[in-house]
Structures are given as C-alpha cells and as structure tokens.
Amino acid sequence: MPETTITTALEFLEKQLNRSLATALEVCARCGICAEACHYYVADPDPKHVPAYRGEQLRSICLRNHNFLGKVFPRWVKAADLDETMLERLAEIAFSECTLCRCCTFNCPLGVDTPLMMRAVRGMATAAGKAPEMLVMLADAAIEKGKAIEGGKAESGPDQECRCQDCGGGL
Ligand code: SF4
Ligand code: SF4
C-alpha cells in the first residue's frame, strides 16, 4: 500500500479527533461488561467481538501518534503503527463486525462510545479506499440519484404546477 494511503487515513483520523472521540478512547476500564451487549459477541463469543477490543485497535493507533510514551516506547502502552494489515483489519472490524447499534454504549457503566470510534474508523478506511466495494457503489449511486433529482427540480422551474391531489397544485 502506498505510504500516501496510510497518511490519508491518519489525516482523516486527525480531523475526527474531537473531544467526544478523545473521551471515548480514554475512559474504557476494560471491565468487559459490554461483551454480552454486542450481538456479534453473543453469536460468536470470540474476544475479537468484544466491543472494547474494537475500540482498543483504534486506541493503539492514536497512542502511537498522540501520546508521548506511545511515540517513544510504543510497546509499553500497546501503541501500534498503522500499516496495510492494520488498516484492512480496522476496515473489517468497522464495516463487517459492528452495526453501530449502540447497545454496548447503553450497557457500558462509563458510557464508552464504541460506535463513535467505529464511525471514525469507517471514515479512515473510506478515505484510504478500503471501504467495501459494494458500499462505495451504493453510495455513488445514491449521490448520482440525488443529483438527478436536484437537477430535475431545477429544470422543472419554480412555477411548474404539481398535479397530485394532495397539495392542490400548490407546489
Ligand atoms: S467499553 Fe465500557 S463496558 Fe466495555 S470494557 Fe470498556 S468500560 Fe467496560
Ligand atoms: S455498536 Fe458495534 S460493538 Fe457496540 S454492540 Fe453494536 S455491533 Fe457491537
């Protein structure tokens, strides 16, 4: 993967890193209570499906780039560099192993916002061209359809009358 792709993903993360996301990354107590709240974990009780584990992956990237110890002694604080394998794994976690349902947040005693972290990861993966192809195609189609609808409205002009029975031709 070109270095620029990793840079793009990190730059996107940088833009997303507001107070809410920083808090979500900071406050997890690793108690594991959220595990049973996640339907992925209930269906397949693998540690990788614990919501806190998902957050931990993004946390390790942030520590590497924003924490003094993470920069100097990454192994001490479990900081990790973002590389191709890591980015692909993150994309898989965020797109295929989390529906952003928020059940984990509601069941977390500290209210850790794992879906917020997963949204940030989805953005990173999309910016770096790692979003699932089908989703990208659907998004592009929706954007094109939106443009067509907007174009149609502009062409019809402001004084074209609506013939539906609901609005009485007022539109
Ligand atoms: S996300 Fe919340 S419930 Fe899950 S391990 Fe962290 S503090 Fe515990
Ligand atoms: S938001 Fe994601 S991690 Fe949290 S319970 Fe839902 S699917 Fe699981």
# chains A, B, ... in the order shown; residues from 1 in each chain; ligands from 1
>>> select_by_dssp(residues="stretch 57-137 of chain A", states="helix (DSSP H, G or I)", output="count of residues only")
52
>>> residues_near_ligand(ligand="ligand 2", cutoff="12 Å", atoms="only C-alpha atoms and all ligand atoms", output="VMD selection string")
chain A and resid 32 to 45 47 to 56 93 to 108 111 to 119
>>> closest_residue(among="A:Thr8, A:Thr23, A:Asn65, A:Asn18", to="ligand 1", atoms="only C-alpha atoms and all ligand atoms")
A:Thr23
>>> closest_residue(among="A:Gly70, A:Ala91, A:Ile6, A:Leu25", to="A:Glu133", atoms="only C-alpha atoms")
A:Ala91
>>> residues_around(residues="A:Trp76", least_positions_apart="6", cutoff="12 Å", atoms="only C-alpha atoms", output="list of chain:residue names")
A:Ser60, A:Leu63, A:Arg64, A:Asn67, A:Phe68, A:Leu69, A:Gly70
>>> write_last_selection(atoms="N, CA and C atoms", output="CSV table (one decimal), in the first residue's frame")
chain,number,residue,atom,x,y,z
A,60,SER,N,-4.8,2.1,20.0
A,60,SER,CA,-3.4,1.8,19.8
A,60,SER,C,-2.8,2.7,18.7
A,63,LEU,N,-2.6,6.3,20.3
A,63,LEU,CA,-1.5,6.4,21.2
A,63,LEU,C,-0.2,6.5,20.5
A,64,ARG,N,0.0,5.9,19.4
A,64,ARG,CA,1.3,5.9,18.7
A,64,ARG,C,1.5,7.3,18.1
A,67,ASN,N,0.5,10.3,21.9
A,67,ASN,CA,0.9,10.1,23.3
A,67,ASN,C,2.4,10.0,23.4
A,68,PHE,N,3.0,10.7,24.4
A,68,PHE,CA,4.5,10.7,24.5
A,68,PHE,C,5.1,9.3,24.6
A,69,LEU,N,4.5,8.5,25.5
A,69,LEU,CA,5.0,7.2,25.7
A,69,LEU,C,4.8,6.3,24.5
A,70,GLY,N,3.6,6.6,23.9
A,70,GLY,CA,3.3,5.8,22.6
A,70,GLY,C,4.3,6.1,21.5
>>> residues_around(residues="A:Lys130", least_positions_apart="5", cutoff="12 Å", atoms="only C-alpha atoms", output="PyMOL selection string")
chain A and resi 1+5-6+8-9+84-95+121-125+135-136
>>> write_last_selection(atoms="N, CA and C atoms", output="JSON list (two decimals), in the first residue's frame")
[["chain", "number", "residue", "atom", "x", "y", "z"],
["A", 1, "MET", "N", 0.85, -1.20, 0.00],
["A", 1, "MET", "CA", 0.00, 0.00, 0.00],
["A", 1, "MET", "C", 0.88, 1.24, 0.00],
["A", 5, "THR", "N", -1.56, 6.41, 1.25],
["A", 5, "THR", "CA", -2.84, 5.86, 1.70],
["A", 5, "THR", "C", -2.90, 5.84, 3.22],
["A", 6, "ILE", "N", -1.80, 5.43, 3.82],
["A", 6, "ILE", "CA", -1.73, 5.42, 5.29],
["A", 6, "ILE", "C", -1.81, 6.86, 5.80],
["A", 8, "THR", "N", -3.25, 9.37, 4.35],
["A", 8, "THR", "CA", -4.63, 9.83, 4.17],
["A", 8, "THR", "C", -5.51, 9.36, 5.33],
["A", 9, "ALA", "N", -5.35, 8.09, 5.70],
["A", 9, "ALA", "CA", -6.16, 7.54, 6.80],
["A", 9, "ALA", "C", -5.84, 8.26, 8.11],
["A", 84, "GLU", "N", -0.61, -1.45, 6.37],
["A", 84, "GLU", "CA", -1.64, -2.01, 5.48],
["A", 84, "GLU", "C", -2.50, -3.06, 6.19],
["A", 85, "THR", "N", -1.84, -3.98, 6.88],
["A", 85, "THR", "CA", -2.57, -5.05, 7.56],
["A", 85, "THR", "C", -3.52, -4.48, 8.61],
["A", 86, "MET", "N", -3.00, -3.52, 9.36],
["A", 86, "MET", "CA", -3.81, -2.91, 10.43],
["A", 86, "MET", "C", -5.00, -2.17, 9.84],
["A", 87, "LEU", "N", -4.77, -1.43, 8.76],
["A", 87, "LEU", "CA", -5.87, -0.66, 8.15],
["A", 87, "LEU", "C", -6.95, -1.60, 7.61],
["A", 88, "GLU", "N", -6.52, -2.69, 7.00],
["A", 88, "GLU", "CA", -7.50, -3.64, 6.47],
["A", 88, "GLU", "C", -8.29, -4.31, 7.60],
["A", 89, "ARG", "N", -7.59, -4.61, 8.68],
["A", 89, "ARG", "CA", -8.26, -5.22, 9.84],
["A", 89, "ARG", "C", -9.26, -4.22, 10.46],
["A", 90, "LEU", "N", -8.83, -2.97, 10.55],
["A", 90, "LEU", "CA", -9.72, -1.94, 11.10],
["A", 90, "LEU", "C", -10.97, -1.80, 10.24],
["A", 91, "ALA", "N", -10.77, -1.80, 8.90],
["A", 91, "ALA", "CA", -11.91, -1.67, 7.99],
["A", 91, "ALA", "C", -12.87, -2.85, 8.17],
["A", 92, "GLU", "N", -12.31, -4.04, 8.34],
["A", 92, "GLU", "CA", -13.15, -5.23, 8.53],
["A", 92, "GLU", "C", -13.95, -5.12, 9.83],
["A", 93, "ILE", "N", -13.27, -4.67, 10.89],
["A", 93, "ILE", "CA", -13.96, -4.53, 12.18],
["A", 93, "ILE", "C", -15.12, -3.54, 12.06],
["A", 94, "ALA", "N", -14.83, -2.39, 11.45],
["A", 94, "ALA", "CA", -15.82, -1.30, 11.44],
["A", 94, "ALA", "C", -16.97, -1.55, 10.48],
["A", 95, "PHE", "N", -16.68, -2.20, 9.35],
["A", 95, "PHE", "CA", -17.74, -2.40, 8.36],
["A", 95, "PHE", "C", -18.45, -3.75, 8.51],
["A", 121, "VAL", "N", -13.35, 5.02, 12.29],
["A", 121, "VAL", "CA", -12.59, 4.02, 11.53],
["A", 121, "VAL", "C", -13.18, 3.84, 10.13],
["A", 122, "ARG", "N", -14.51, 3.85, 10.06],
["A", 122, "ARG", "CA", -15.13, 3.75, 8.72],
["A", 122, "ARG", "C", -14.70, 4.90, 7.84],
["A", 123, "GLY", "N", -14.65, 6.08, 8.42],
["A", 123, "GLY", "CA", -14.21, 7.25, 7.65],
["A", 123, "GLY", "C", -12.76, 7.11, 7.20],
["A", 124, "MET", "N", -11.91, 6.64, 8.12],
["A", 124, "MET", "CA", -10.50, 6.44, 7.76],
["A", 124, "MET", "C", -10.37, 5.46, 6.61],
["A", 125, "ALA", "N", -11.08, 4.33, 6.73],
["A", 125, "ALA", "CA", -10.99, 3.29, 5.71],
["A", 125, "ALA", "C", -11.52, 3.79, 4.37],
["A", 135, "LEU", "N", -20.49, -1.13, -0.91],
["A", 135, "LEU", "CA", -20.99, 0.06, -0.22],
["A", 135, "LEU", "C", -20.61, 1.33, -0.97],
["A", 136, "VAL", "N", -19.39, 1.34, -1.52],
["A", 136, "VAL", "CA", -18.96, 2.51, -2.29],
["A", 136, "VAL", "C", -19.85, 2.68, -3.52]]
>>> closest_residue(among="A:Pro109, A:Asp83, A:Phe12, A:Ala142", to="ligand 1", atoms="only C-alpha atoms and all ligand atoms")
A:Pro109
>>> closest_residue(among="A:Glu11, A:Arg75, A:Leu110, A:Leu21", to="ligand 1", atoms="only C-alpha atoms and all ligand atoms")
A:Leu110
